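File shown: run-v6.pdb (PDB, C-alpha atoms).
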```
MODEL        1
ATOM      1  CA  MET A 632      93.398  76.793  67.163
ATOM      2  CA  SER A 633      96.822  78.145  66.341
ATOM      3  CA  THR A 634      97.769  80.146  63.273
ATOM      4  CA  GLY A 635      98.695  78.036  60.247
ATOM      5  CA  THR A 636      96.879  74.879  61.375
ATOM      6  CA  THR A 637      93.959  73.086  59.633
ATOM      7  CA  LEU A 638      90.461  73.035  61.122
ATOM      8  CA  LYS A 639      87.414  70.958  60.147
ATOM      9  CA  LEU A 640      83.927  72.250  60.970
ATOM     10  CA  PRO A 641      81.462  69.325  60.765
ATOM     11  CA  CYS A 642      78.014  69.726  59.146
ATOM     12  CA  VAL A 643      75.957  66.688  58.100
ATOM     13  CA  VAL A 644      72.457  67.112  56.614
ATOM     14  CA  ARG A 645      69.928  64.282  56.360
ATOM     15  CA  ASN A 646      67.850  64.125  53.183
ATOM     16  CA  LEU A 647      69.853  66.909  51.587
ATOM     17  CA  GLN A 648      68.005  68.546  48.698
ATOM     18  CA  GLY A 649      69.476  72.047  48.383
ATOM     19  CA  GLU A 650      73.091  73.180  48.170
ATOM     20  CA  CYS A 651      75.543  73.572  51.058
ATOM     21  CA  LEU A 652      76.827  77.027  51.879
ATOM     22  CA  TRP A 653      79.026  78.383  54.665
ATOM     23  CA  ILE A 654      78.610  81.824  56.265
ATOM     24  CA  HIS A 655      81.397  83.642  58.088
ATOM     25  CA  ASP A 656      80.370  86.619  60.241
ATOM     26  CA  GLY A 657      77.229  87.054  58.120
ATOM     27  CA  THR A 658      78.968  86.777  54.727
ATOM     28  CA  GLY A 659      78.838  83.755  52.400
ATOM     29  CA  VAL A 660      82.100  81.927  51.779
ATOM     30  CA  GLY A 661      82.820  80.052  48.557
ATOM     31  CA  LYS A 662      85.176  77.201  47.895
ATOM     32  CA  ILE A 663      88.825  78.326  47.608
ATOM     33  CA  VAL A 664      91.532  75.846  46.692
ATOM     34  CA  ASN A 665      93.962  75.186  49.556
ATOM     35  CA  LYS A 666      91.888  77.405  51.815
ATOM     36  CA  TYR A 667      88.169  76.562  52.091
ATOM     37  CA  GLU A 668      87.046  73.123  50.965
ATOM     38  CA  PHE A 669      83.536  71.627  51.164
ATOM     39  CA  LYS A 670      81.026  69.894  48.850
ATOM     40  CA  ARG A 671      78.003  71.819  47.682
ATOM     41  CA  GLN A 672      75.857  68.762  46.879
ATOM     42  CA  PRO A 673      77.367  65.773  48.653
ATOM     43  CA  GLU A 674      75.512  62.505  48.126
ATOM     44  CA  ASN A 675      75.987  61.531  51.756
ATOM     45  CA  GLY A 676      74.867  64.962  53.087
ATOM     46  CA  ASP A 677      78.316  65.759  54.515
ATOM     47  CA  CYS A 678      78.748  69.512  54.064
ATOM     48  CA  SER A 679      81.684  69.760  56.498
ATOM     49  CA  LEU A 680      84.120  72.654  55.909
ATOM     50  CA  THR A 681      87.875  72.273  56.000
ATOM     51  CA  ILE A 682      89.783  75.506  56.703
ATOM     52  CA  LYS A 683      93.468  75.348  55.872
ATOM     53  CA  ASP A 684      96.247  77.649  57.054
ATOM     54  CA  LEU A 685      94.187  79.341  59.763
ATOM     55  CA  GLN A 686      94.680  83.108  59.907
ATOM     56  CA  LEU A 687      93.299  85.556  62.421
ATOM     57  CA  ASP A 688      92.213  88.188  59.913
ATOM     58  CA  ARG A 689      90.396  85.700  57.623
ATOM     59  CA  ASP A 690      89.104  82.890  59.806
ATOM     60  CA  ASP A 691      88.495  84.151  63.331
ATOM     61  CA  GLY A 692      84.814  84.690  64.138
ATOM     62  CA  LEU A 693      81.377  83.061  63.842
ATOM     63  CA  TRP A 694      80.740  80.292  61.315
ATOM     64  CA  GLN A 695      77.421  78.760  60.230
ATOM     65  CA  CYS A 696      76.445  75.962  57.887
ATOM     66  CA  GLN A 697      73.458  76.667  55.575
ATOM     67  CA  VAL A 698      71.440  74.647  53.058
ATOM     68  CA  THR A 699      69.705  76.701  50.371
ATOM     69  CA  PRO A 700      65.932  76.172  49.828
ATOM     70  CA  VAL A 701      64.770  74.004  46.922
ATOM     71  CA  SER A 702      61.906  76.375  46.041
ATOM     72  CA  LEU A 703      60.751  79.864  46.845
ATOM     73  CA  HIS A 704      58.233  78.397  49.260
ATOM     74  CA  ASP A 705      60.861  76.693  51.435
ATOM     75  CA  PHE A 706      63.148  78.119  54.061
ATOM     76  CA  ALA A 707      66.919  77.788  54.190
ATOM     77  CA  LEU A 708      68.311  75.391  56.774
ATOM     78  CA  LEU A 709      70.724  76.980  59.248
ATOM     79  CA  SER A 710      72.954  75.287  61.779
ATOM     80  CA  GLU A 711      73.885  76.749  65.110
ATOM     81  CA  THR A 712      76.801  79.178  64.934
ATOM     82  CA  VAL A 713      80.228  78.053  66.066
ATOM     83  CA  LYS A 714      82.929  80.403  67.325
ATOM     84  CA  VAL A 715      86.375  79.916  65.810
ATOM     85  CA  THR A 716      89.187  81.496  67.753
ATOM     86  CA  VAL A 717      92.567  81.694  66.060
ATOM     87  CA  LEU A 718      95.114  81.797  68.856
ATOM     88  CA  ILE A 719      97.802  84.478  68.786
ATOM     89  CA  ALA A 720     100.325  84.515  71.596
ATOM     90  CA  PRO A 721     100.443  87.881  73.412
ATOM     91  CA  HIS A 722     103.613  89.817  73.992
ATOM     92  CA  LYS A 723     105.112  89.919  77.456
ATOM     93  CA  PRO A 724     103.208  92.172  79.887
ATOM     94  CA  MET A 725     104.815  95.484  80.832
ATOM     95  CA  ILE A 726     104.250  97.636  83.903
ATOM     96  CA  LYS A 727     104.463 101.330  83.075
ATOM     97  CA  GLY A 728     107.499 102.877  84.716
ATOM     98  CA  ILE A 729     109.448  99.589  84.871
ATOM     99  CA  ARG A 730     112.168  99.378  82.234
ATOM    100  CA  GLU A 731     113.814  96.132  83.290
ATOM    101  CA  PRO A 732     112.952  93.162  85.546
ATOM    102  CA  GLY A 733     113.562  93.739  89.227
ATOM    103  CA  SER A 734     113.267  97.519  88.974
ATOM    104  CA  ARG A 735     111.571  99.420  91.787
ATOM    105  CA  LEU A 736     108.235 101.137  91.273
ATOM    106  CA  GLU A 737     108.059 104.401  93.210
ATOM    107  CA  LYS A 738     104.732 105.353  94.809
ATOM    108  CA  PHE A 739     103.478 107.375  97.776
ATOM    109  CA  ALA A 740     101.737 106.003 100.857
ATOM    110  CA  VAL A 741      98.083 106.883 101.503
ATOM    111  CA  ARG A 742      97.620 108.665  98.163
ATOM    112  CA  GLU A 743      95.592 106.758  95.577
ATOM    113  CA  SER A 744      97.923 105.597  92.802
ATOM    114  CA  ASP A 745      97.406 104.256  89.285
ATOM    115  CA  VAL A 746      99.602 101.413  88.010
ATOM    116  CA  GLU A 747      99.249 100.375  84.364
ATOM    117  CA  CYS A 748     100.029  96.940  82.932
ATOM    118  CA  SER A 749      99.849  96.672  79.124
ATOM    119  CA  ILE A 750     100.037  93.688  76.782
ATOM    120  CA  ALA A 751     100.351  93.932  72.991
ATOM    121  CA  LYS A 752      98.620  91.466  70.687
ATOM    122  CA  GLY A 753      97.090  88.197  71.817
ATOM    123  CA  ASN A 754      93.943  86.486  70.619
ATOM    124  CA  PRO A 755      91.827  86.033  72.553
ATOM    125  CA  PRO A 756      92.911  88.973  74.696
ATOM    126  CA  PRO A 757      94.732  87.759  77.813
ATOM    127  CA  ILE A 758      93.042  87.834  81.213
ATOM    128  CA  ILE A 759      95.009  89.999  83.632
ATOM    129  CA  TYR A 760      95.341  89.392  87.366
ATOM    130  CA  TRP A 761      97.080  91.603  89.922
ATOM    131  CA  TYR A 762      98.854  90.357  93.055
ATOM    132  CA  LEU A 763     100.432  92.246  95.945
ATOM    133  CA  ASN A 764     102.771  89.628  97.359
ATOM    134  CA  ASP A 765     100.337  86.687  97.667
ATOM    135  CA  GLU A 766      97.149  88.779  97.861
ATOM    136  CA  ASN A 767      94.893  88.896  94.798
ATOM    137  CA  ILE A 768      93.910  92.560  94.273
ATOM    138  CA  THR A 769      92.427  92.225  90.775
ATOM    139  CA  ASP A 770      89.121  93.661  92.024
ATOM    140  CA  LYS A 771      90.881  97.040  92.285
ATOM    141  CA  ALA A 772      91.734  97.101  88.559
ATOM    142  CA  VAL A 773      89.915  97.960  85.316
ATOM    143  CA  THR A 774      90.951  96.161  82.112
ATOM    144  CA  VAL A 775      90.263  97.491  78.594
ATOM    145  CA  THR A 776      91.126  95.826  75.257
ATOM    146  CA  SER A 777      91.384  97.889  72.069
ATOM    147  CA  GLN A 778      91.700  96.528  68.524
ATOM    148  CA  THR A 779      93.256  98.196  65.526
ATOM    149  CA  PRO A 780      90.870  98.032  62.534
ATOM    150  CA  THR A 781      91.815  96.234  59.336
ATOM    151  CA  PRO A 782      94.201  95.649  57.631
ATOM    152  CA  LYS A 783      95.887  94.659  60.936
ATOM    153  CA  PRO A 784      93.144  93.382  63.215
ATOM    154  CA  GLU A 785      95.666  91.198  65.032
ATOM    155  CA  THR A 786      97.160  94.269  66.664
ATOM    156  CA  LEU A 787      95.418  94.137  70.037
ATOM    157  CA  ASN A 788      96.298  96.133  73.115
ATOM    158  CA  THR A 789      95.097  95.064  76.536
ATOM    159  CA  ILE A 790      95.594  97.581  79.317
ATOM    160  CA  SER A 791      94.773  96.936  82.969
ATOM    161  CA  THR A 792      94.853  99.919  85.325
ATOM    162  CA  LEU A 793      95.207  99.211  89.025
ATOM    163  CA  ARG A 794      93.974 101.976  91.320
ATOM    164  CA  ILE A 795      94.955 101.540  94.949
ATOM    165  CA  PRO A 796      96.151 103.622  97.931
ATOM    166  CA  PHE A 797      99.363 101.885  98.940
ATOM    167  CA  LYS A 798     100.327 101.692 102.629
ATOM    168  CA  LYS A 799     103.740 102.195 104.141
ATOM    169  CA  GLU A 800     103.642  98.505 105.059
ATOM    170  CA  ASN A 801     103.723  97.791 101.307
ATOM    171  CA  ASN A 802     107.264  99.140 101.042
ATOM    172  CA  ASN A 803     109.517  96.448  99.518
ATOM    173  CA  ALA A 804     106.463  94.331  98.647
ATOM    174  CA  THR A 805     106.242  92.663  95.227
ATOM    175  CA  LEU A 806     103.553  93.820  92.805
ATOM    176  CA  MET A 807     102.767  91.333  90.011
ATOM    177  CA  CYS A 808     100.790  91.601  86.773
ATOM    178  CA  VAL A 809      99.877  88.097  85.558
ATOM    179  CA  ALA A 810      98.578  87.523  82.003
ATOM    180  CA  ILE A 811      96.592  84.318  81.456
ATOM    181  CA  HIS A 812      96.318  83.059  77.860
ATOM    182  CA  PRO A 813      95.666  79.621  76.267
ATOM    183  CA  LEU A 814      99.103  79.656  74.627
ATOM    184  CA  ALA A 815     101.172  81.051  77.491
ATOM    185  CA  ASN A 816     100.861  82.511  80.976
ATOM    186  CA  GLN A 817     103.282  85.358  81.635
ATOM    187  CA  THR A 818     104.178  87.468  84.671
ATOM    188  CA  VAL A 819     105.889  90.792  85.192
ATOM    189  CA  SER A 820     106.733  92.038  88.684
ATOM    190  CA  ALA A 821     108.067  95.136  90.370
ATOM    191  CA  LEU A 822     109.424  95.822  93.825
ATOM    192  CA  LEU A 823     107.529  98.665  95.479
ATOM    193  CA  ASN A 824     109.360 101.663  96.865
ATOM    194  CA  ILE A 825     106.717 103.437  98.978
ATOM    195  CA  TYR A 826     107.559 106.922 100.206
ATOM    196  CA  TYR A 827     105.994 108.068 103.481
ATOM    197  CA  ALA A 828     106.404 110.630 106.238
ATOM    198  CA  PRO A 829     108.365 109.549 109.326
ATOM    199  CA  GLU A 830     106.970 108.061 112.521
ATOM    200  CA  VAL A 831     108.973 108.085 115.753
ATOM    201  CA  ASP A 832     108.899 106.089 118.975
ATOM    202  CA  VAL A 833     110.881 105.762 122.206
ATOM    203  CA  GLU A 834     111.307 102.734 124.448
ATOM    204  CA  ARG A 835     109.337 104.315 127.307
ATOM    205  CA  GLU A 836     107.903 107.672 128.294
ATOM    206  CA  LYS A 837     109.587 108.009 131.724
ATOM    207  CA  TYR A 838     113.185 107.229 132.673
ATOM    208  CA  THR A 839     114.251 106.831 136.305
ATOM    209  CA  ILE A 840     118.012 107.382 136.614
ATOM    210  CA  VAL A 841     120.421 107.591 139.550
ATOM    211  CA  GLU A 842     122.437 110.814 139.599
ATOM    212  CA  GLY A 843     125.926 110.375 138.231
ATOM    213  CA  ASN A 844     125.090 107.559 135.861
ATOM    214  CA  GLU A 845     125.194 107.830 132.086
ATOM    215  CA  ARG A 846     122.096 107.410 129.936
ATOM    216  CA  SER A 847     121.371 107.152 126.228
ATOM    217  CA  ILE A 848     117.865 107.212 124.720
ATOM    218  CA  GLU A 849     117.230 106.190 121.141
ATOM    219  CA  CYS A 850     114.610 107.853 118.994
ATOM    220  CA  LYS A 851     113.433 105.057 116.696
ATOM    221  CA  VAL A 852     112.396 106.321 113.272
ATOM    222  CA  ASP A 853     110.366 104.620 110.548
ATOM    223  CA  SER A 854     110.446 106.574 107.282
ATOM    224  CA  ASN A 855     111.192 106.401 103.586
ATOM    225  CA  PRO A 856     113.377 108.096 102.532
ATOM    226  CA  PRO A 857     115.491 108.437 105.719
ATOM    227  CA  ALA A 858     114.562 111.353 107.952
ATOM    228  CA  THR A 859     116.483 113.920 109.964
ATOM    229  CA  VAL A 860     115.980 113.348 113.712
ATOM    230  CA  ILE A 861     115.322 116.304 115.988
ATOM    231  CA  TRP A 862     115.701 116.194 119.801
ATOM    232  CA  ARG A 863     114.441 119.164 121.788
ATOM    233  CA  ARG A 864     114.112 119.996 125.471
ATOM    234  CA  HIS A 865     110.798 121.717 126.001
ATOM    235  CA  GLY A 866     111.296 125.424 125.543
ATOM    236  CA  THR A 867     114.797 125.218 124.009
ATOM    237  CA  ASN A 868     116.376 125.059 120.564
ATOM    238  CA  PRO A 869     116.464 121.666 118.812
ATOM    239  CA  ARG A 870     119.440 119.377 118.241
ATOM    240  CA  PHE A 871     119.495 118.003 114.699
ATOM    241  CA  GLY A 872     120.723 114.812 113.160
ATOM    242  CA  ARG A 873     121.218 112.487 116.140
ATOM    243  CA  ASN A 874     118.994 109.507 116.818
ATOM    244  CA  VAL A 875     120.417 109.059 120.307
ATOM    245  CA  LEU A 876     120.071 111.548 123.146
ATOM    246  CA  TYR A 877     123.153 110.975 125.333
ATOM    247  CA  PHE A 878     124.071 112.142 128.840
ATOM    248  CA  GLU A 879     127.580 111.246 129.975
ATOM    249  CA  ARG A 880     126.748 112.047 133.605
ATOM    250  CA  VAL A 881     123.156 112.670 134.660
ATOM    251  CA  THR A 882     122.704 115.493 137.149
ATOM    252  CA  ARG A 883     119.792 116.482 139.334
ATOM    253  CA  ASP A 884     119.151 119.463 137.060
ATOM    254  CA  LEU A 885     117.597 116.972 134.655
ATOM    255  CA  ASN A 886     114.979 115.861 137.186
ATOM    256  CA  GLY A 887     111.446 116.605 135.955
ATOM    257  CA  MET A 888     112.678 117.769 132.566
ATOM    258  CA  GLU A 889     110.822 116.716 129.397
ATOM    259  CA  TYR A 890     112.401 116.090 126.024
ATOM    260  CA  GLU A 891     110.765 115.297 122.727
ATOM    261  CA  CYS A 892     112.053 113.666 119.583
ATOM    262  CA  THR A 893     110.604 114.057 116.120
ATOM    263  CA  ALA A 894     111.831 113.524 112.570
ATOM    264  CA  GLN A 895     111.386 115.162 109.200
ATOM    265  CA  ASN A 896     111.766 114.219 105.543
ATOM    266  CA  GLU A 897     110.393 115.737 102.347
ATOM    267  CA  TYR A 898     107.049 114.033 102.873
ATOM    268  CA  GLY A 899     106.245 115.312 106.343
ATOM    269  CA  VAL A 900     107.086 115.715 110.024
ATOM    270  CA  ALA A 901     106.547 113.021 112.643
ATOM    271  CA  LYS A 902     104.293 113.470 115.642
ATOM    272  CA  PRO A 903     106.661 113.995 118.618
ATOM    273  CA  ALA A 904     107.439 111.256 121.125
ATOM    274  CA  ASN A 905     108.010 112.618 124.668
ATOM    275  CA  VAL A 906     110.245 111.398 127.484
ATOM    276  CA  LYS A 907     110.385 112.615 131.089
ATOM    277  CA  PHE A 908     113.257 112.198 133.558
ATOM    278  CA  ASP A 909     113.065 111.149 137.186
ATOM    279  CA  VAL A 910     116.571 111.614 138.614
ATOM    280  CA  LEU A 911     117.261 109.992 141.993
ATOM    281  CA  TYR A 912     119.765 111.820 144.206
ATOM    282  CA  ASN A 913     120.771 111.936 147.875
ATOM    283  CA  PRO A 914     119.387 114.611 150.203
ATOM    284  CA  THR A 915     121.392 117.799 150.549
ATOM    285  CA  VAL A 916     120.879 120.635 153.033
ATOM    286  CA  VAL A 917     119.128 123.642 151.591
ATOM    287  CA  ASN A 918     118.608 125.681 154.742
ATOM    288  CA  VAL A 919     118.740 125.056 158.526
ATOM    289  CA  SER A 920     118.073 127.205 161.551
ATOM    290  CA  TYR A 921     121.057 128.793 163.275
ATOM    291  CA  THR A 922     122.147 128.339 166.876
ATOM    292  CA  GLN A 923     119.820 130.187 169.237
ATOM    293  CA  SER A 924     119.984 131.295 172.869
ATOM    294  CA  VAL A 925     116.575 131.662 174.487
ATOM    295  CA  LEU A 926     115.267 132.363 177.974
ATOM    296  CA  THR A 927     113.480 129.719 179.967
ATOM    297  CA  GLY A 928     109.789 129.772 179.127
ATOM    298  CA  SER A 929     110.335 131.505 175.786
ATOM    299  CA  ARG A 930     109.428 130.060 172.353
ATOM    300  CA  ALA A 931     112.045 128.967 169.820
ATOM    301  CA  ARG A 932     111.493 128.016 166.184
ATOM    302  CA  LEU A 933     113.766 125.445 164.587
ATOM    303  CA  TYR A 934     113.708 124.551 160.905
ATOM    304  CA  CYS A 935     115.589 122.474 158.358
ATOM    305  CA  TYR A 936     115.058 122.073 154.597
ATOM    306  CA  TYR A 937     116.551 119.311 152.445
ATOM    307  CA  ASP A 938     116.462 118.702 148.714
ATOM    308  CA  GLY A 939     116.405 115.114 147.443
ATOM    309  CA  ASN A 940     114.590 112.670 145.162
ATOM    310  CA  PRO A 941     112.588 110.946 146.378
ATOM    311  CA  SER A 942     111.639 113.697 148.834
ATOM    312  CA  PRO A 943     113.510 113.261 152.154
ATOM    313  CA  ILE A 944     111.570 112.397 155.318
ATOM    314  CA  ILE A 945     112.461 114.838 158.122
ATOM    315  CA  ARG A 946     112.994 113.542 161.673
ATOM    316  CA  TRP A 947     113.789 115.645 164.726
ATOM    317  CA  PHE A 948     115.911 114.339 167.621
ATOM    318  CA  HIS A 949     116.608 115.785 171.091
ATOM    319  CA  ILE A 950     120.092 115.456 172.561
ATOM    320  CA  ASN A 951     120.242 115.712 176.372
ATOM    321  CA  PRO A 952     123.047 118.183 177.076
ATOM    322  CA  ARG A 953     123.835 116.524 180.416
ATOM    323  CA  THR A 954     123.776 112.837 179.478
ATOM    324  CA  GLY A 955     124.187 112.999 175.709
ATOM    325  CA  ALA A 956     121.166 110.699 175.272
ATOM    326  CA  VAL A 957     119.398 111.016 171.912
ATOM    327  CA  SER A 958     115.607 110.674 171.667
ATOM    328  CA  LEU A 959     113.190 110.977 168.764
ATOM    329  CA  VAL A 960     110.772 113.887 168.884
ATOM    330  CA  LYS A 961     107.606 112.024 167.904
ATOM    331  CA  ASN A 962     105.216 114.886 167.299
ATOM    332  CA  ALA A 963     107.645 116.582 164.893
ATOM    333  CA  ASN A 964     108.218 113.765 162.366
ATOM    334  CA  GLY A 965     107.883 114.784 158.736
ATOM    335  CA  LYS A 966     107.809 118.504 159.486
ATOM    336  CA  ASN A 967     110.340 121.032 158.308
ATOM    337  CA  GLN A 968     109.771 123.165 161.407
ATOM    338  CA  HIS A 969     109.693 122.408 165.109
ATOM    339  CA  ILE A 970     108.447 124.842 167.734
ATOM    340  CA  LEU A 971     109.855 124.707 171.282
ATOM    341  CA  ASP A 972     107.652 126.247 173.936
TER     342      ASP A 972
ENDMDL
END
```
This structure in structure tokens:
Amino acid sequence: MSTGTTLKLPCVVRNLQGECLWIHDGTGVGKIVNKYEFKRQPENGDCSLTIKDLQLDRDDGLWQCQVTPVSLHDFALLSETVKVTVLIAPHKPMIKGIREPGSRLEKFAVRESDVECSIAKGNPPPIIYWYLNDENITDKAVTVTSQTPTPKPETLNTISTLRIPFKKENNNATLMCVAIHPLANQTVSALLNIYYAPEVDVEREKYTIVEGNERSIECKVDSNPPATVIWRRHGTNPRFGRNVLYFERVTRDLNGMEYECTAQNEYGVAKPANVKFDVLYNPTVVNVSYTQSVLTGSRARLYCYYDGNPSPIIRWFHINPRTGAVSLVKNANGKNQHILD
């Protein structure tokens, strides 16, 4: 029942002999004009109580109808108790750290965090539910209601404390505190701003590139707040502040090289992501044997070395000095050296 309304508590006694009496929270209540009205000795046995202008501090609680005994040898008649709840609308819920609707609540990923939702007044105390987007997470909260003693028992404070380790995936999620009450359901929400150390990734771990082409490789970073990107060739000084590693013209010197990218903000350093280069280039002569003059029956050693990627396949050919005919030397294929006996 709401404050200021009138309430009737029925109590009808058959064969009434004693007097009617009402008890509120263990204390007898007498008739008060324009407040408590009932008949002490009604002829029809109707001892019903009418409570006018309901007030929380005077009328909320347990009520019981009683009929006094006629003699010392009799017992008083007692009805079952009835609970009267005088409804008081609670104030709007408030999330600690949020000053105005739509504000962002700053928390850290992984670490266990406490979020407090408080509601002033309200009778009965509101029931509080917590939601993370559409997920009910009330089981991770503890709710406590405190009451100020008289003369202001209506001053209630309900505090629900949510304890949860937020994840980085919760960044930009909506956290809601919902207060359920017979007079009004109310909601307060906050947008989460979850801080976390960076994580990095690259499209693939190995890049095959033709010499002379350009190539750019992006280091993808996930962090909050934004992180500084660091590219480093293994064994060299880092390059700061560029997400993209760019080569205007790839050369063979890059073949087999490994680079790593990482990122750093005030909450940590990312585990490096590595890339390796496979540069394709045409064979070039590294070293070949010089022209030789040898005697018939003597041994001559011929050799040739090429650099290329993929590795060149060596083939030896014989050119007939008289006819100019060219023939493949079969037993020398794939070898860098050829011995003439």
Produce a table with one row for each residue of region 690-755 of chain A that has an atom at most 12 Å from any atom of region 677-683 of chain A, each row naming the nearest atom pair and its distance in Å at one decimal; use all atoms listed in the file; arrange rows by chain and rising residue number; format as JSON lines.
```
{"residue": "A:Asp690", "atom": "CA", "partner": "A:Ile682", "partner_atom": "CA", "distance": 8.0}
{"residue": "A:Asp691", "atom": "CA", "partner": "A:Ile682", "partner_atom": "CA", "distance": 11.0}
{"residue": "A:Trp694", "atom": "CA", "partner": "A:Leu680", "partner_atom": "CA", "distance": 9.9}
{"residue": "A:Gln695", "atom": "CA", "partner": "A:Leu680", "partner_atom": "CA", "distance": 10.0}
{"residue": "A:Cys696", "atom": "CA", "partner": "A:Cys678", "partner_atom": "CA", "distance": 7.8}
{"residue": "A:Gln697", "atom": "CA", "partner": "A:Cys678", "partner_atom": "CA", "distance": 9.0}
{"residue": "A:Val698", "atom": "CA", "partner": "A:Cys678", "partner_atom": "CA", "distance": 9.0}
{"residue": "A:Ser710", "atom": "CA", "partner": "A:Cys678", "partner_atom": "CA", "distance": 11.2}
{"residue": "A:Val715", "atom": "CA", "partner": "A:Ile682", "partner_atom": "CA", "distance": 10.7}
{"residue": "A:Val717", "atom": "CA", "partner": "A:Ile682", "partner_atom": "CA", "distance": 11.6}
```
Legend entry - Straight-line distance linking CA of Glu747 (chain A) with CA of Leu687 (chain A), stated in Å to one decimal: 27.1 Å
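As for CA of Ala821 (chain A) and CA of Leu806 (chain A), they are spaced 5.3 Å apart.
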Legend entry - Explicit residue set for the PyMOL selection byres ((chain A and resi 669) around 10), as a PyMOL selection string: chain A and resi 639-640+642+651-653+661-663+667-668+670-673+677-682
Inset, instruction - Please indicate the distance in Å from CA of Ala815 (chain A) to CA of Ala720 (chain A), rounded to one decimal place. - result: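 So the answer is 6.9 Å.
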With a cut-off of 12 Å, could you pull out the residues of region 739-805 of chain A touching region 887-908 of chain A and give me the nearest pair of atoms for each, distance in Å to one decimal, using only C-alpha atoms, ordered by chain and ascending number, as CSV?
```
residue,atom,partner,partner_atom,distance
A:Phe739,CA,A:Tyr898,CA,9.1
A:Ala740,CA,A:Tyr898,CA,9.8
A:Val741,CA,A:Tyr898,CA,11.5
A:Arg742,CA,A:Tyr898,CA,11.8
```
Inset, instruction - Enumerate, as a VMD selection string, the residues matched when the PyMOL selection byres ((chain A and resi 716) around 10) is run on the file above. - result: chain A and resid 632 to 634 685 to 687 690 to 693 713 to 715 717 to 719 754 to 755
Mind dumping the selected residues with C-alpha atoms as a PDB file, in the frame of the given file?
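Below is the file selection_4.pdb, written as the result:
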```pdb
ATOM      1  CA  MET A 632      93.398  76.793  67.163  1.00  0.00           C
ATOM      2  CA  SER A 633      96.822  78.145  66.341  1.00  0.00           C
ATOM      3  CA  THR A 634      97.769  80.146  63.273  1.00  0.00           C
ATOM      4  CA  LEU A 685      94.187  79.341  59.763  1.00  0.00           C
ATOM      5  CA  GLN A 686      94.680  83.108  59.907  1.00  0.00           C
ATOM      6  CA  LEU A 687      93.299  85.556  62.421  1.00  0.00           C
ATOM      7  CA  ASP A 690      89.104  82.890  59.806  1.00  0.00           C
ATOM      8  CA  ASP A 691      88.495  84.151  63.331  1.00  0.00           C
ATOM      9  CA  GLY A 692      84.814  84.690  64.138  1.00  0.00           C
ATOM     10  CA  LEU A 693      81.377  83.061  63.842  1.00  0.00           C
ATOM     11  CA  VAL A 713      80.228  78.053  66.066  1.00  0.00           C
ATOM     12  CA  LYS A 714      82.929  80.403  67.325  1.00  0.00           C
ATOM     13  CA  VAL A 715      86.375  79.916  65.810  1.00  0.00           C
ATOM     14  CA  VAL A 717      92.567  81.694  66.060  1.00  0.00           C
ATOM     15  CA  LEU A 718      95.114  81.797  68.856  1.00  0.00           C
ATOM     16  CA  ILE A 719      97.802  84.478  68.786  1.00  0.00           C
ATOM     17  CA  ASN A 754      93.943  86.486  70.619  1.00  0.00           C
ATOM     18  CA  PRO A 755      91.827  86.033  72.553  1.00  0.00           C
TER      19      PRO A 755
END
```
Inset, instruction - Enumerate, as a ChimeraX atom specification, the residues matched when the PyMOL selection byres ((chain A and resi 931-933) around 8) is run on the file above. - result: /A:919-920,923,925,929-930,934-935,968-972
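Using all atoms listed in the file, the nearest neighbour of Val644 (chain A) within the list A:Gly676, A:Pro857, A:Gly939, A:Pro914 is A:Gly676.
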Inset, instruction - Compile the contact shell of Lys771 (chain A) as a PyMOL selection string: residues with an atom at most 7 Å away, counting all atoms listed in the file, same-chain residues fewer than 4 positions apart removed. - result: chain A and resi 793-795
Taking C-alpha atoms for each residue, export the selection above as an mmCIF file, in the coordinates of the input.
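And here is the file that came out, again01.cif:
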```
data_model
loop_
_atom_site.group_PDB
_atom_site.id
_atom_site.type_symbol
_atom_site.label_atom_id
_atom_site.label_comp_id
_atom_site.auth_asym_id
_atom_site.auth_seq_id
_atom_site.Cartn_x
_atom_site.Cartn_y
_atom_site.Cartn_z
ATOM 1 C CA LEU A 793 95.207 99.211 89.025
ATOM 2 C CA ARG A 794 93.974 101.976 91.320
ATOM 3 C CA ILE A 795 94.955 101.540 94.949
#
```
Legend entry - Counting all atoms listed in the file, the option among A:Ser777, A:Asn803, A:Ser847, A:Asn962 closest to Asn874 (chain A):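 Going through A:Ser777, A:Asn803, A:Ser847, A:Asn962 one by one, the smallest distance to Asn874 (chain A) is for A:Ser847.
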Legend entry - Shell of 7 Å around Tyr937 (chain A), all atoms listed in the file, local chain residues under 5 positions omitted, as a ChimeraX atom specification: /A:914-917,943
Inset, instruction - Fewer than 5 positions away in the same chain doesn't count, so skip those; otherwise give me all residues within 10 Å of region 700-706 of chain A, counting only C-alpha atoms, as a PyMOL selection string. - result: chain A and resi 647-650
Legend entry - Residue list as JSON, numbers by chain for point (105.0, 100.8, 83.2), cut-off 9 Å, all atoms listed in the file: {"A": [725, 726, 727, 728, 729, 730, 736, 746, 747, 748, 749]}
Inset, instruction - Measuring atom to atom with all atoms listed in the file, identify which of A:Asn844, A:Asn940, A:Asn802, A:Thr859 is nearest to Phe878 (chain A). - result: A:Asn844
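Minimum distance to Glu845 (chain A) across A:Ile861, A:Val881, A:Tyr826, A:Ser820 (counting all atoms listed in the file) occurs at A:Val881.
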